[in-house]
Amino acid sequence: MQEIVNTLNAIIWSPALVYLCLGAGLFFSVITRFVQIRHFREMWRLLMTGKSSEQGISSFQALAVSLSGRVGTGNIAGVAAAIGFGGPGAVFWMWVVAFFGAATAYIESTNAQIYKEEQEGLYRGGPAYYIEKALGQKWYAWIFAIATIIACGALLPTVQSNSIGVAVTMVFGSGSTLDTALGPIEMTKLYTAVFIVMLLGFIIFGGVKRIANFTQVVVPFMALAYIIIACVMIFLHIDRLFDVFMLIVTDAFSPMAGVGAAIGWGVKRGVYSNEAGQGTGPHAAAAAEVAHPAQQGLVQAFSVYIDTLFVCTATAFMILITQSYNVRLEGETSFIVQNIAGDIAANSPAFTQIAVESMLTGFGKPFIAVALFFFAFTTILAYYFIAENNVSYIKRTFNFPALTFLLKVLIMVATFYGTVKAADIAWGMGDIGVGMMAWLNIIGIIVIFFMAKPAVKALKDYESQKDAGVEHYSFNPKRLAIKNADFWQKRFDQENQK
């Protein structure tokens, strides 16, 4: 199984996908005149405004749901893997893909808002919807929907739950071993898996609103607590901060692990973490209740900053300041840099736990385990939300009532499996899921741009209304020559009949 996963990863995550992610971000940054910089203040204002409705969630809730997907184990274990296999310079390339990726996030999230639908009293949308409506290619939309259900329902949850299992084991030990059909399972991981699956079942069987209500409380709290601890550690070693920053920058261009390893791991883990271009964020964006599609695009662009420039950077600084890392090329046995024991896996939260423990003895490992639980668990919830959106898309054509129930069972089984299995196979499966969606979505939004430019038209329309000082924003797709935006056209026509 590991060999199959490695082979698929080598194909999907070829240099072509790495440069497609970077190139798309640069292209959309130029096209939008660097919307991620020009409208930074507006992003913050929008985040604090907006209300939910019977059909949709608020901008803040949508941000929380998408952040629960973006801020996950990739921010703790993913950063460690980027440093462990790509060297400190990989962090720089994570910053680059986040900066340019914010523009990509604006494009895909605004597209999701423009082409969303109301189904069974809830807003639904995402890449499958905008691929069908903007490109008119239903077959391609179905491929994305199926790929996303497989990725978010079966592949990606294994990474999140695996990191929880590893972190808990670091605190309590592995315990005795039980021989099962899945192979030997450590009892600590088994108990952890049962607890996670029970809690997951309680929430996902409660529906989308329960997911939004849970994440809007948990995500800001967990991110803030994590960043505070990171700031304390950085402050206690503030004299090392400049050297660490220079290490990241210099190693980005003269990388100890090689240029390909630094860029490749930086981009791979950057996309895995902030999800810009991956096609997962637009699902939460479509569910938001906003007055204009561009508003949610700007909010989602801001979430990329929170994920990578704040949370991932906090992790990187903690690891590098305390020198709690090793560097070796993937597949090699000899180390380029070795600061800690060689048997500690880079594809795990161990680097981060050791870093915090080295300064906050007795507190570091349990704190990272708790933080990782909230990070990873809310990400699993976000994956269910995304997969359910794509099940709803398929049910528009093939209405099989049991599909949603089967999805819930699938994600619970995947979560259990990931918790008790080895880290390498879990991360490999997750990378396949991310890569599949990224290929399909980025190609889709680029083609949509050249065919219709809906997100760019929406941005110009929003900017013109903002400059005119309107009190109530409106969106008229027909005036902007945007076709098949039925939800917004119906809303505009109703508002103008009053």
# chains A, B, ... in the order shown; residues from 1 in each chain; ligands from 1

call {"tool": "residues_around", "arguments": {"residues": "Ile234 in chain A", "least_positions_apart": "6", "cutoff": "9 Å", "atoms": "only C-alpha atoms", "output": "PyMOL selection string"}}
result
chain A and resi 240-241+314+317-318+321

call {"tool": "atom_distance", "arguments": {"atom1": "CA of Glu3 in chain A", "atom2": "CA of Val434 in chain A"}}
result
18.4 Å

call {"tool": "closest_residue", "arguments": {"among": "A:Phe235, A:Tyr123, A:Tyr115, A:Phe172", "to": "Leu135 in chain A", "atoms": "only C-alpha atoms"}}
result
A:Tyr115

call {"tool": "residues_around", "arguments": {"residues": "Val159 in chain A", "least_positions_apart": "3", "cutoff": "12 Å", "atoms": "only C-alpha atoms", "output": "ChimeraX atom specification"}}
result
/A:72-74,76-78,151-156,162-166,272-273,347-349,372,375-377,379-380,383,414-434

call {"tool": "select_by_dssp", "arguments": {"residues": "range 111-342 of chain A", "states": "alpha helix (DSSP H)", "output": "VMD selection string"}}
result
chain A and resid 111 to 114 127 to 130 138 to 150 156 to 172 187 to 204 208 to 236 238 to 253 259 to 274 281 to 286 293 to 304 313 to 321

call {"tool": "residues_around", "arguments": {"residues": "range 9-20 of chain A", "least_positions_apart": "4", "cutoff": "7 Å", "atoms": "only C-alpha atoms", "output": "PyMOL selection string"}}
result
chain A and resi 5+24+264+267-268+428+431-432+435+439

call {"tool": "atom_distance", "arguments": {"atom1": "CA of Ile248 in chain A", "atom2": "CA of Gly89 in chain A"}}
result
4.6 Å

call {"tool": "residues_around", "arguments": {"residues": "Gly260 in chain A", "least_positions_apart": "3", "cutoff": "10 Å", "atoms": "only C-alpha atoms", "output": "ChimeraX atom specification"}}
result
/A:15,18,86,90,255,257,263-266

call {"tool": "closest_residue", "arguments": {"among": "A:Ala80, A:Met256, A:Leu403, A:Val304", "to": "Thr352 in chain A", "atoms": "only C-alpha atoms"}}
result
A:Ala80

call {"tool": "atom_distance", "arguments": {"atom1": "CA of Pro220 in chain A", "atom2": "CA of Trp93 in chain A"}}
result
25.5 Å

call {"tool": "residues_around", "arguments": {"residues": "Leu320 in chain A", "least_positions_apart": "4", "cutoff": "12 Å", "atoms": "only C-alpha atoms", "output": "PyMOL selection string"}}
result
chain A and resi 79-80+83-84+87-89+91+230+233-234+237+240-248+313-316+324-327+339+351-352+354-356

call {"tool": "select_by_dssp", "arguments": {"residues": "range 229-425 of chain A", "states": "strand (DSSP E or B)", "output": "list in words"}}
result
Ala288, Asn326, Val327, Val337 and Gln338 of chain A

call {"tool": "write_last_selection", "arguments": {"atoms": "N, CA and C atoms", "output": "CSV table (one decimal), in the first residue's frame"}}
result
chain,number,residue,atom,x,y,z
A,288,ALA,N,-22.1,31.4,2.8
A,288,ALA,CA,-22.3,32.6,3.6
A,288,ALA,C,-23.4,33.5,3.1
A,326,ASN,N,15.3,18.0,12.6
A,326,ASN,CA,16.3,17.4,11.7
A,326,ASN,C,16.0,17.7,10.3
A,327,VAL,N,17.0,17.6,9.4
A,327,VAL,CA,16.7,17.8,7.9
A,327,VAL,C,17.4,16.6,7.2
A,337,VAL,N,21.0,17.8,8.5
A,337,VAL,CA,21.1,18.5,9.9
A,337,VAL,C,20.5,17.6,10.9
A,338,GLN,N,21.1,17.3,12.0
A,338,GLN,CA,20.5,16.5,13.1
A,338,GLN,C,20.7,17.2,14.4

call {"tool": "residues_around", "arguments": {"residues": "range 463-474 of chain A", "least_positions_apart": "5", "cutoff": "8 Å", "atoms": "only C-alpha atoms", "output": "mmCIF file with N, CA and C atoms, in the first residue's frame"}}
result
data_model
loop_
_atom_site.group_PDB
_atom_site.id
_atom_site.type_symbol
_atom_site.label_atom_id
_atom_site.label_comp_id
_atom_site.auth_asym_id
_atom_site.auth_seq_id
_atom_site.Cartn_x
_atom_site.Cartn_y
_atom_site.Cartn_z
ATOM 1 N N ALA A 291 -24.134 40.506 1.007
ATOM 2 C CA ALA A 291 -24.866 41.407 0.108
ATOM 3 C C ALA A 291 -24.269 41.416 -1.289
ATOM 4 N N HIS A 292 -23.000 41.004 -1.409
ATOM 5 C CA HIS A 292 -22.314 41.018 -2.700
ATOM 6 C C HIS A 292 -21.298 39.883 -2.718
ATOM 7 N N PHE A 492 -31.787 39.955 -7.092
ATOM 8 C CA PHE A 492 -31.762 41.333 -7.583
ATOM 9 C C PHE A 492 -33.130 41.739 -8.128
#

call {"tool": "closest_residue", "arguments": {"among": "A:Ile4, A:Cys312, A:Leu200, A:Leu178", "to": "Lys408 in chain A", "atoms": "only C-alpha atoms"}}
result
A:Leu200

call {"tool": "closest_residue", "arguments": {"among": "A:Asn441, A:Gln353, A:Glu330, A:Trp488", "to": "Pro366 in chain A", "atoms": "only C-alpha atoms"}}
result
A:Gln353

call {"tool": "closest_atom_pairs", "arguments": {"of": "range 312-402 of chain A", "to": "range 143-146 of chain A", "cutoff": "12 Å", "atoms": "only C-alpha atoms", "output": "tab-separated table"}}
result
residue	atom	partner	partner_atom	distance
A:Ile386	CA	A:Ala145	CA	9.7
A:Ala387	CA	A:Ala145	CA	8.1
A:Glu388	CA	A:Ala145	CA	9.9
A:Asn389	CA	A:Ala145	CA	8.7
A:Asn390	CA	A:Ala145	CA	5.1
A:Val391	CA	A:Ala145	CA	7.5
A:Ser392	CA	A:Ala145	CA	9.5
A:Tyr393	CA	A:Ala145	CA	7.4
A:Ile394	CA	A:Ala145	CA	7.4
A:Lys395	CA	A:Ala145	CA	11.0

call {"tool": "write_last_selection", "arguments": {"atoms": "C-alpha atoms", "output": "tab-separated table (two decimals), in the first residue's frame"}}
result
chain	number	residue	atom	x	y	z
A	386	ILE	CA	-17.15	19.93	1.92
A	387	ALA	CA	-17.89	16.33	1.01
A	388	GLU	CA	-21.57	16.79	1.91
A	389	ASN	CA	-21.77	19.77	-0.46
A	390	ASN	CA	-20.55	17.58	-3.29
A	391	VAL	CA	-22.95	14.79	-2.36
A	392	SER	CA	-25.72	17.40	-2.58
A	393	TYR	CA	-24.42	18.37	-6.03
A	394	ILE	CA	-24.62	14.76	-7.21
A	395	LYS	CA	-28.09	14.32	-5.69

call {"tool": "decode", "arguments": {"residues": "range 124-160 of chain A", "atoms": "N, CA and C atoms", "output": "compact mmCIF listing (two decimals), in the first residue's frame"}}
result
# COMPACT_ATOMS: atom_id res chain seq x y z
N ARG A 124 -25.83 26.14 -1.10
CA ARG A 124 -24.84 25.14 -1.51
C ARG A 124 -24.02 25.72 -2.66
N GLY A 125 -22.77 25.36 -2.73
CA GLY A 125 -21.94 25.83 -3.82
C GLY A 125 -20.53 25.29 -3.68
N GLY A 126 -19.68 25.65 -4.63
CA GLY A 126 -18.30 25.18 -4.64
C GLY A 126 -17.85 24.95 -6.07
N PRO A 127 -16.66 24.39 -6.26
CA PRO A 127 -16.14 24.20 -7.61
C PRO A 127 -17.03 23.41 -8.55
N ALA A 128 -17.68 22.36 -8.06
CA ALA A 128 -18.54 21.57 -8.95
C ALA A 128 -19.65 22.44 -9.54
N TYR A 129 -20.21 23.34 -8.71
CA TYR A 129 -21.29 24.21 -9.15
C TYR A 129 -20.78 25.25 -10.15
N TYR A 130 -19.64 25.90 -9.83
CA TYR A 130 -19.20 26.95 -10.76
C TYR A 130 -18.55 26.38 -12.01
N ILE A 131 -18.03 25.16 -11.95
CA ILE A 131 -17.52 24.53 -13.17
C ILE A 131 -18.67 24.23 -14.12
N GLU A 132 -19.77 23.70 -13.57
CA GLU A 132 -20.93 23.40 -14.42
C GLU A 132 -21.55 24.66 -15.01
N LYS A 133 -21.72 25.70 -14.16
CA LYS A 133 -22.47 26.88 -14.60
C LYS A 133 -21.63 27.85 -15.42
N ALA A 134 -20.36 28.00 -15.08
CA ALA A 134 -19.52 28.96 -15.81
C ALA A 134 -18.89 28.34 -17.05
N LEU A 135 -18.52 27.05 -16.96
CA LEU A 135 -17.90 26.38 -18.11
C LEU A 135 -18.92 25.62 -18.96
N GLY A 136 -20.04 25.24 -18.32
CA GLY A 136 -21.01 24.44 -19.05
C GLY A 136 -20.55 23.01 -19.27
N GLN A 137 -19.61 22.56 -18.42
CA GLN A 137 -19.05 21.21 -18.58
C GLN A 137 -19.46 20.36 -17.36
N LYS A 138 -20.61 19.74 -17.48
CA LYS A 138 -21.13 18.99 -16.35
C LYS A 138 -20.26 17.77 -16.04
N TRP A 139 -19.68 17.15 -17.05
CA TRP A 139 -18.85 15.97 -16.84
C TRP A 139 -17.62 16.32 -15.98
N TYR A 140 -17.06 17.49 -16.23
CA TYR A 140 -15.88 17.92 -15.46
C TYR A 140 -16.28 18.24 -14.02
N ALA A 141 -17.47 18.83 -13.86
CA ALA A 141 -17.98 19.12 -12.52
C ALA A 141 -18.19 17.83 -11.73
N TRP A 142 -18.70 16.80 -12.40
CA TRP A 142 -18.91 15.51 -11.74
C TRP A 142 -17.59 14.89 -11.32
N ILE A 143 -16.57 15.00 -12.17
CA ILE A 143 -15.26 14.47 -11.82
C ILE A 143 -14.74 15.14 -10.56
N PHE A 144 -14.87 16.49 -10.51
CA PHE A 144 -14.41 17.20 -9.31
C PHE A 144 -15.21 16.76 -8.10
N ALA A 145 -16.53 16.66 -8.22
CA ALA A 145 -17.38 16.29 -7.08
C ALA A 145 -16.99 14.91 -6.54
N ILE A 146 -16.81 13.95 -7.44
CA ILE A 146 -16.45 12.60 -7.01
C ILE A 146 -15.06 12.58 -6.38
N ALA A 147 -14.11 13.29 -7.00
CA ALA A 147 -12.76 13.36 -6.46
C ALA A 147 -12.76 13.99 -5.07
N THR A 148 -13.59 15.00 -4.87
CA THR A 148 -13.65 15.68 -3.58
C THR A 148 -14.29 14.81 -2.51
N ILE A 149 -15.31 14.07 -2.88
CA ILE A 149 -15.94 13.15 -1.93
C ILE A 149 -14.93 12.09 -1.48
N ILE A 150 -14.16 11.57 -2.43
CA ILE A 150 -13.13 10.57 -2.09
C ILE A 150 -12.05 11.21 -1.22
N ALA A 151 -11.59 12.41 -1.62
CA ALA A 151 -10.50 13.07 -0.90
C ALA A 151 -10.92 13.47 0.50
N CYS A 152 -12.07 14.19 0.61
CA CYS A 152 -12.49 14.73 1.91
C CYS A 152 -13.23 13.70 2.76
N GLY A 153 -13.77 12.68 2.12
CA GLY A 153 -14.49 11.65 2.87
C GLY A 153 -13.62 10.50 3.32
N ALA A 154 -12.54 10.21 2.56
CA ALA A 154 -11.75 9.02 2.86
C ALA A 154 -10.26 9.27 3.04
N LEU A 155 -9.67 10.19 2.26
CA LEU A 155 -8.21 10.33 2.27
C LEU A 155 -7.70 11.36 3.29
N LEU A 156 -8.25 12.58 3.23
CA LEU A 156 -7.74 13.66 4.08
C LEU A 156 -8.02 13.47 5.58
N PRO A 157 -9.16 12.91 5.98
CA PRO A 157 -9.38 12.74 7.43
C PRO A 157 -8.32 11.86 8.09
N THR A 158 -7.70 10.95 7.34
CA THR A 158 -6.70 10.06 7.93
C THR A 158 -5.50 10.85 8.45
N VAL A 159 -5.12 11.92 7.75
CA VAL A 159 -3.97 12.72 8.17
C VAL A 159 -4.27 13.43 9.49
N GLN A 160 -5.44 14.04 9.57
CA GLN A 160 -5.80 14.81 10.77
C GLN A 160 -5.89 13.91 11.99
